[in-house]
Number of protein chains: 2
Amino acid sequence: MERRGRGGFLIMPQLFYVPAREFERARRVPDDPARSTALFATLCRINTLYMIARAGSGHIGSSFSSLDIVAWLHLRELSGGDRFFSSKGHDVPGLYAVLIALGRLPFENLHQLRRLGGLPGHPDVGTAGMVTNTGPLGMGISKAKGLVRANRLTGEKGRVFVMTGDGELQEGQIWESLATAALEGMGEITAIVDHNKVQSDTLVTSVSDLGDLERKFTAFGWQVARCDGHDFSALEATLDRFRKVTDRPKVIVADTIKGRGVSFMEHTALLPQDKYYRFHSGAPDDATYARAAAELIATANRQLEEFGQAPLQLEQAPTPQRPDLQGSQRLVPAYSRALVAHAERDPRIVALDADLVLDTGLIPFSERLRGRFIECGIAEQDMVSQAGGLALSGLLPVVHSFACFLSTRANEQIYNNATERRKIVYVGSLAGLLPGGPGHSHQAVRDIAALGAIPGLIMLQPSCEAEVELAVAYCLGESEESCYIRLTSIPCQVPFGLPSGYALEPGRGVTLMEGGDAVLFGYGPVLLSQGYRAAVLLRERQGVAVRVINLPWLNRVDSDWLVGELAGVSAVFTLDDHYLSGGQGEMLTARLAELGINPRLRVRRFGVRSIPACGQNDEVLRAHRLDAESLAADLALALAGGPPD
Amino acid sequence: MERRGRGGFLIMPQLFYVPAREFERARRVPDDPARSTALFATLCRINTLYMIARAGSGHIGSSFSSLDIVAWLHLRELSGGDRFFSSKGHDVPGLYAVLIALGRLPFENLHQLRRLGGLPGHPDVGTAGMVTNTGPLGMGISKAKGLVRANRLTGEKGRVFVMTGDGELQEGQIWESLATAALEGMGEITAIVDHNKVQSDTLVTSVSDLGDLERKFTAFGWQVARCDGHDFSALEATLDRFRKVTDRPKVIVADTIKGRGVSFMEHTALLPQDKYYRFHSGAPDDATYARAAAELIATANRQLEEFGQAPLQLEQAPTPQRPDLQGSQRLVPAYSRALVAHAERDPRIVALDADLVLDTGLIPFSERLRGRFIECGIAEQDMVSQAGGLALSGLLPVVHSFACFLSTRANEQIYNNATERRKIVYVGSLAGLLPGGPGHSHQAVRDIAALGAIPGLIMLQPSCEAEVELAVAYCLGESEESCYIRLTSIPCQVPFGLPSGYALEPGRGVTLMEGGDAVLFGYGPVLLSQGYRAAVLLRERQGVAVRVINLPWLNRVDSDWLVGELAGVSAVFTLDDHYLSGGQGEMLTARLAELGINPRLRVRRFGVRSIPACGQNDEVLRAHRLDAESLAADLALALAGGPPD
């Protein structure tokens, strides 16, 4: 089953994990705190790598940088009512691996990272051992304060250990949370900064240098210590010292290495010419997995050998099939190209990013138009208000982040800009229900509602690469209003094409499939594709002709056009890649009532009805009854007169 | 025209202001920078006091604390492309007074503070001389960075001076904005902290002590200086020194006195037993005005005398009539009582505040249930996430702020809490279009949309004191879901009463006035009262019988109830104290379409259609066509078949 790859290393078509019995064996080695914890951490790294490779996505880099600390805390420090959680949250695979190894999570969960009913991509209190939901950055210390206040009120005992990232310290809420913790002497709190020097994309120093962290925390009244986060003796000594400090909150700035444990994943292996760190999120390919696993296994065997133990006996599981992405539409790269093309013609265009260049498609812009690229760090509020200042000076800022963060973290800042009536373009990627892996903190299905009432902000979501180009041309060019472009990030197989000669007209959509029995309105590649396929199924199976209309305008509809489209049909369906509340469907449906057209019209809205499930994309669509099959069934039911709910 | 008050001091039924010609005279005194600026500042204080007294509201305390600095900058420091603005914004009456004195704003604006078409309660770029819109706290340094980046890109020159409050430094965005300014060496920026030691309600030290401010800013890489903000020589020396520092951003921590210039308004006059500072916002009563004006006038005359000048020749204007509040409903005090009553019975209830105890009705709670009262400072994100931690521990947090800030600044934090599925009650006061004086940053007409799609969050707005009690009982008691209580803060003359035996039932409303021709749905005391009066007018003038229904549920409607209510009527109107987009009307209207009831139904939505105007309450209602007269006309038009727009 083994073969040699070109580089001479092992390529294993299988994934390997450490079974429960091997953790049993590791537990029985002589108790040398540092060495036995190191062994435990290595085994957990093997399983973390396994989980992420199996899931097809996850955060290796910071799971590995924090794992020694997480392991030490769980084996040697936490007791009684003590709690630990990670504020950054994306390092949770490492924590899962530790909890599974300790039997605090069922062992079979190891195979269920980012699967429906399994372990979510970011922590959720629905999972045993998870203290609080994290994923949006910067909330951890505030949450910890709430837990401590509750303990003080109820007389419960226990300390709270909260892990933060270092890039995360760019978030204002971190600093907002420090002062009252110090004023109220919250010695129950120990924050640990996983200071791995690398935020999502690149070195923290090249994004927004943190400066002298010890000095900053000290200035805010916290007790600060700094130590090597991979040196267990240093960790032990620091925690021992901190146990005696009970009159104020404490923070350990732990120097760590992102990707620690696998030589080529360690950020210290970045060469001067490597601009971006490649193991923050996503999964390794098969060859990379094999190299990394082999290295970790070798380390474990060496550690076992030092205890006089035989090599590891691993279990294996097949590498899961990945969906075929051939022929997929990739909207973010299309956006990226269109943005650069426009910016090359329009010197007013300035692009702002919040530490997501890899995800928001800004690398070409940042390289070609360096002077007009502004990296703001993980500081969405600051970014949006800076955009306000730029717009007041006559420039055209284009502001980027994930839709979930941009629309909610900087919500008041976007409104404040809107009241200044200058044009700004906001671009929220990772919009909608999919990808389903990261979990609800990242599944942006509330952004249309959160921004919908902002005056002078026109919102639109393109459904394919071609429409991305049109949307960029409209928003960066023609539009006199500010715009919000909602972008799907996953590659999508799109079953429809736009008619030739299609042009964007505000509030007007385009028919993708003809049909006279009913009309289905949708937008974006994910659900519009499912709706389109559902319409095909209905036609094939029941002979019902549903017209499918792509309406990219999320908060505008042209009444004349709408009236025209509905002539003769007996049912209208809307399909939102968003919560039903505040989505396009609500806007459209309300307009139908106001227009009073076609009194016999049956109207039903489809969309997200509950907090997004975490899982593989197809699992998540099915769980929300938004896959083509479920939609076809529910559309048929609605056509037959089923009640709205 | 003069008479002696009981305290022996002058009561003047008139308000006094310094006319343009007296500023001319003051400009001609010999040029002694400190003394002539002091005279100028005193004259501006007289006019600031006049403006606020005339407007009936405004922020005296921080206008006075910052005025010496603002005067010095405008007379002695700013030149060419230099710009000044205040990040806290509520000190803008002082800035207006300075700009009016310098002829940069029309002199007649002096009489138009917080009036329609006049000077808004917080800065708006629609007013000459206003650099950016502020009012929401913490955005100023970010905006300044945007202005500086734009200058660097376009080659424009000029420095940016941005004033912040000291309480404002509790906002996370301030700290979020500091790092990149330092990293990019933004020597163009000088921040000035108006360190007046008092935030809205009370001493900063007793809310959330700022600690060693110089140390904090230094740790973030800023050049720091500290000086007496009322000592012009010290200001001059500091600014001189700073002019030479061009490689990094600079901050002056200016020690000032809140209310400076009027002995009894100065915060240093607070006695140990005075818990709250009373001159942060609002207007002085006649007697207080008279005492303050007399003191300022005496100071000015003394300063003029030192220059050998005759006493001031003031102009006067009558004290404006204030609306009669006799018999008004006061919802916040009613809320305050109900909260305490419930909390006394339920030990799980914890109240959190963000520096607005005077406005959110929390003083009784904080006094009677001290241990369960948490003052978070101006730190809404931190407050909401702390509430999350408390709820995870089984407590019932009740979270308070102004609706505009709570719903938007902490938007992502509220959603994060919602995903943990623990009950939390949010209370947003100052909700809706009125009061019209503070301006759009404070007029919360977007909160229903911003929070509407949060799963498991039921939103309601009581229409009178009696319904406040019911709402508190429902939200703190019966409800298993989290709740958002939307509270009107202004005293309201409410022309309707609730029927006896009325009880809250989710999604169901109550008829306030019978009528079979049309139904008008509304909520809250302000617009429901206008709608009710409009219905009376329609009945009297045109014999049209509009049924008026109070539907306090903002994001829920019971379909069965709705169908029943609409039997036989030919028109449905909704009335939102909110933008049309995402308000109750949109939710209701969409449901009407889904229910397919009464095909001949005419449906129209009324509400806020544009960025809220600033002005007196009646002016603002009229400007938005939401006063009873305009509504009656527009309802009549709609009944006659006018089109929706």
# chains A, B, ... in the order shown; residues from 1 in each chain; ligands from 1
call {"tool": "residues_around", "arguments": {"residues": "Ala387 (chain A)", "least_positions_apart": "2", "cutoff": "10 Å", "atoms": "only C-alpha atoms", "output": "PyMOL selection string"}}
result
(chain A and resi 350-352+374+381-385+389-393+395-399+413-414+417+423-426) or (chain B and resi 142-143+145-147+149-150)
call {"tool": "write_last_selection", "arguments": {"atoms": "N, CA and C atoms", "output": "short mmCIF file (atom, residue, chain, number, x, y, z; two decimals), in the first residue's frame"}}
result
data_model
loop_
_atom_site.label_atom_id
_atom_site.label_comp_id
_atom_site.auth_asym_id
_atom_site.auth_seq_id
_atom_site.Cartn_x
_atom_site.Cartn_y
_atom_site.Cartn_z
N VAL A 350 -9.55 52.53 -3.84
CA VAL A 350 -8.63 52.10 -2.79
C VAL A 350 -9.24 50.83 -2.19
N ALA A 351 -8.44 49.79 -1.99
CA ALA A 351 -8.98 48.55 -1.42
C ALA A 351 -8.51 48.38 0.02
N LEU A 352 -9.45 48.06 0.90
CA LEU A 352 -9.14 47.85 2.31
C LEU A 352 -9.42 46.39 2.67
N ILE A 374 -4.77 48.85 1.42
CA ILE A 374 -4.63 49.16 2.85
C ILE A 374 -4.96 47.92 3.66
N GLN A 381 -13.96 47.40 12.52
CA GLN A 381 -14.56 48.70 12.83
C GLN A 381 -13.63 49.82 12.37
N ASP A 382 -12.37 49.66 12.70
CA ASP A 382 -11.38 50.66 12.29
C ASP A 382 -11.32 50.75 10.77
N MET A 383 -11.35 49.61 10.11
CA MET A 383 -11.29 49.59 8.64
C MET A 383 -12.45 50.37 8.03
N VAL A 384 -13.65 50.10 8.52
CA VAL A 384 -14.84 50.74 7.93
C VAL A 384 -14.83 52.24 8.19
N SER A 385 -14.43 52.65 9.38
CA SER A 385 -14.38 54.09 9.64
C SER A 385 -13.25 54.76 8.86
N GLY A 389 -13.40 58.03 6.14
CA GLY A 389 -12.49 59.16 5.98
C GLY A 389 -11.98 59.27 4.55
N LEU A 390 -11.68 58.13 3.94
CA LEU A 390 -11.22 58.13 2.54
C LEU A 390 -12.31 58.65 1.61
N ALA A 391 -13.55 58.20 1.85
CA ALA A 391 -14.65 58.62 0.98
C ALA A 391 -14.92 60.11 1.12
N LEU A 392 -14.78 60.63 2.34
CA LEU A 392 -14.98 62.07 2.55
C LEU A 392 -13.96 62.88 1.76
N SER A 393 -12.83 62.26 1.45
CA SER A 393 -11.78 62.95 0.70
C SER A 393 -11.88 62.71 -0.80
N LEU A 395 -12.14 59.78 -2.45
CA LEU A 395 -11.70 58.48 -2.98
C LEU A 395 -12.86 57.50 -2.95
N LEU A 396 -12.67 56.35 -3.60
CA LEU A 396 -13.72 55.32 -3.62
C LEU A 396 -13.20 54.08 -2.92
N PRO A 397 -13.47 53.97 -1.63
CA PRO A 397 -12.96 52.83 -0.87
C PRO A 397 -13.78 51.56 -1.17
N VAL A 398 -13.08 50.45 -1.32
CA VAL A 398 -13.72 49.16 -1.48
C VAL A 398 -13.26 48.31 -0.29
N VAL A 399 -14.22 47.95 0.55
CA VAL A 399 -13.92 47.42 1.88
C VAL A 399 -14.22 45.93 1.91
N GLN A 413 -20.57 51.37 12.21
CA GLN A 413 -19.64 52.17 11.42
C GLN A 413 -20.13 52.31 9.97
N ILE A 414 -20.72 51.23 9.44
CA ILE A 414 -21.25 51.31 8.07
C ILE A 414 -22.41 52.31 8.02
N ASN A 417 -21.07 55.86 8.18
CA ASN A 417 -20.60 56.27 6.85
C ASN A 417 -21.79 56.62 5.94
N LYS A 423 -19.99 57.70 -1.46
CA LYS A 423 -20.05 56.33 -1.98
C LYS A 423 -18.91 55.45 -1.45
N ILE A 424 -19.29 54.31 -0.95
CA ILE A 424 -18.33 53.30 -0.48
C ILE A 424 -18.85 51.95 -0.96
N VAL A 425 -17.97 51.07 -1.37
CA VAL A 425 -18.39 49.73 -1.77
C VAL A 425 -17.88 48.73 -0.73
N TYR A 426 -18.79 47.94 -0.21
CA TYR A 426 -18.45 46.89 0.75
C TYR A 426 -18.56 45.54 0.05
N SER B 142 -10.08 56.55 13.78
CA SER B 142 -10.16 55.79 12.53
C SER B 142 -10.49 56.71 11.36
N LYS B 143 -11.45 57.60 11.58
CA LYS B 143 -11.80 58.55 10.52
C LYS B 143 -10.60 59.42 10.16
N LYS B 145 -7.52 58.67 10.40
CA LYS B 145 -6.57 57.87 9.61
C LYS B 145 -7.00 57.83 8.14
N GLY B 146 -8.29 57.69 7.91
CA GLY B 146 -8.77 57.68 6.53
C GLY B 146 -8.47 59.00 5.83
N LEU B 147 -8.67 60.11 6.56
CA LEU B 147 -8.38 61.43 5.98
C LEU B 147 -6.88 61.57 5.66
N ARG B 149 -4.71 59.08 5.14
CA ARG B 149 -4.35 58.19 4.02
C ARG B 149 -4.75 58.84 2.68
N ALA B 150 -5.92 59.47 2.67
CA ALA B 150 -6.37 60.12 1.44
C ALA B 150 -5.41 61.24 1.06
#
call {"tool": "residues_around", "arguments": {"residues": "Phe606 (chain A)", "least_positions_apart": "3", "cutoff": "8 Å", "atoms": "only C-alpha atoms", "output": "compact mmCIF listing (two decimals) with all heavy atoms, in the first residue's frame"}}
result
# COMPACT_ATOMS: atom_id res chain seq x y z
N PHE A 573 -42.58 31.87 -5.48
CA PHE A 573 -41.70 31.33 -4.45
C PHE A 573 -40.43 32.18 -4.38
O PHE A 573 -39.92 32.62 -5.41
CB PHE A 573 -41.30 29.88 -4.77
CG PHE A 573 -42.48 28.98 -4.95
CD1 PHE A 573 -42.70 28.33 -6.17
CD2 PHE A 573 -43.37 28.77 -3.92
CE1 PHE A 573 -43.80 27.50 -6.33
CE2 PHE A 573 -44.48 27.93 -4.07
CZ PHE A 573 -44.69 27.29 -5.29
N THR A 574 -39.96 32.38 -3.18
CA THR A 574 -38.68 33.07 -3.02
C THR A 574 -37.72 32.13 -2.31
O THR A 574 -38.13 31.30 -1.51
CB THR A 574 -38.81 34.37 -2.22
OG1 THR A 574 -39.20 34.06 -0.88
CG2 THR A 574 -39.85 35.30 -2.83
N LEU A 575 -36.46 32.28 -2.61
CA LEU A 575 -35.46 31.35 -2.09
C LEU A 575 -34.27 32.16 -1.59
O LEU A 575 -33.55 32.77 -2.39
CB LEU A 575 -35.04 30.40 -3.22
CG LEU A 575 -34.01 29.32 -2.90
CD1 LEU A 575 -34.43 28.49 -1.69
CD2 LEU A 575 -33.82 28.42 -4.12
N ASP A 576 -34.10 32.17 -0.28
CA ASP A 576 -33.07 33.02 0.33
C ASP A 576 -31.90 32.20 0.85
O ASP A 576 -32.09 31.28 1.64
CB ASP A 576 -33.68 33.79 1.52
CG ASP A 576 -34.07 35.21 1.15
OD1 ASP A 576 -33.17 35.96 0.77
OD2 ASP A 576 -35.28 35.53 1.24
N LEU A 580 -34.96 33.61 6.73
CA LEU A 580 -36.19 34.12 6.11
C LEU A 580 -36.44 35.56 6.53
O LEU A 580 -36.84 36.40 5.74
CB LEU A 580 -37.39 33.26 6.52
CG LEU A 580 -37.52 31.91 5.83
CD1 LEU A 580 -38.84 31.26 6.22
CD2 LEU A 580 -37.43 32.07 4.31
N GLY A 585 -36.59 37.56 0.15
CA GLY A 585 -37.96 37.05 0.05
C GLY A 585 -38.95 37.91 0.81
O GLY A 585 -40.08 38.14 0.35
N LEU A 626 -32.75 22.63 1.81
CA LEU A 626 -32.47 23.59 0.74
C LEU A 626 -31.70 22.94 -0.41
O LEU A 626 -31.20 23.63 -1.30
CB LEU A 626 -31.71 24.81 1.29
CG LEU A 626 -32.55 25.68 2.23
CD1 LEU A 626 -31.68 26.72 2.93
CD2 LEU A 626 -33.70 26.36 1.50
call {"tool": "closest_residue", "arguments": {"among": "A:Gly501, A:Gly80, A:Gly185, A:Pro495", "to": "Arg159 (chain A)", "atoms": "only C-alpha atoms"}}
result
A:Gly80
call {"tool": "residues_around", "arguments": {"residues": "His195 (chain A)", "least_positions_apart": "4", "cutoff": "6 Å", "atoms": "only C-alpha atoms", "output": "PyMOL selection string"}}
result
chain A and resi 166+254-256
call {"tool": "select_by_dssp", "arguments": {"residues": "region 362-535 of chain B", "states": "strand (DSSP E)", "output": "ChimeraX atom specification"}}
result
/B:373-375,396-402,425-429,457-460,482-486,510-513,518-522
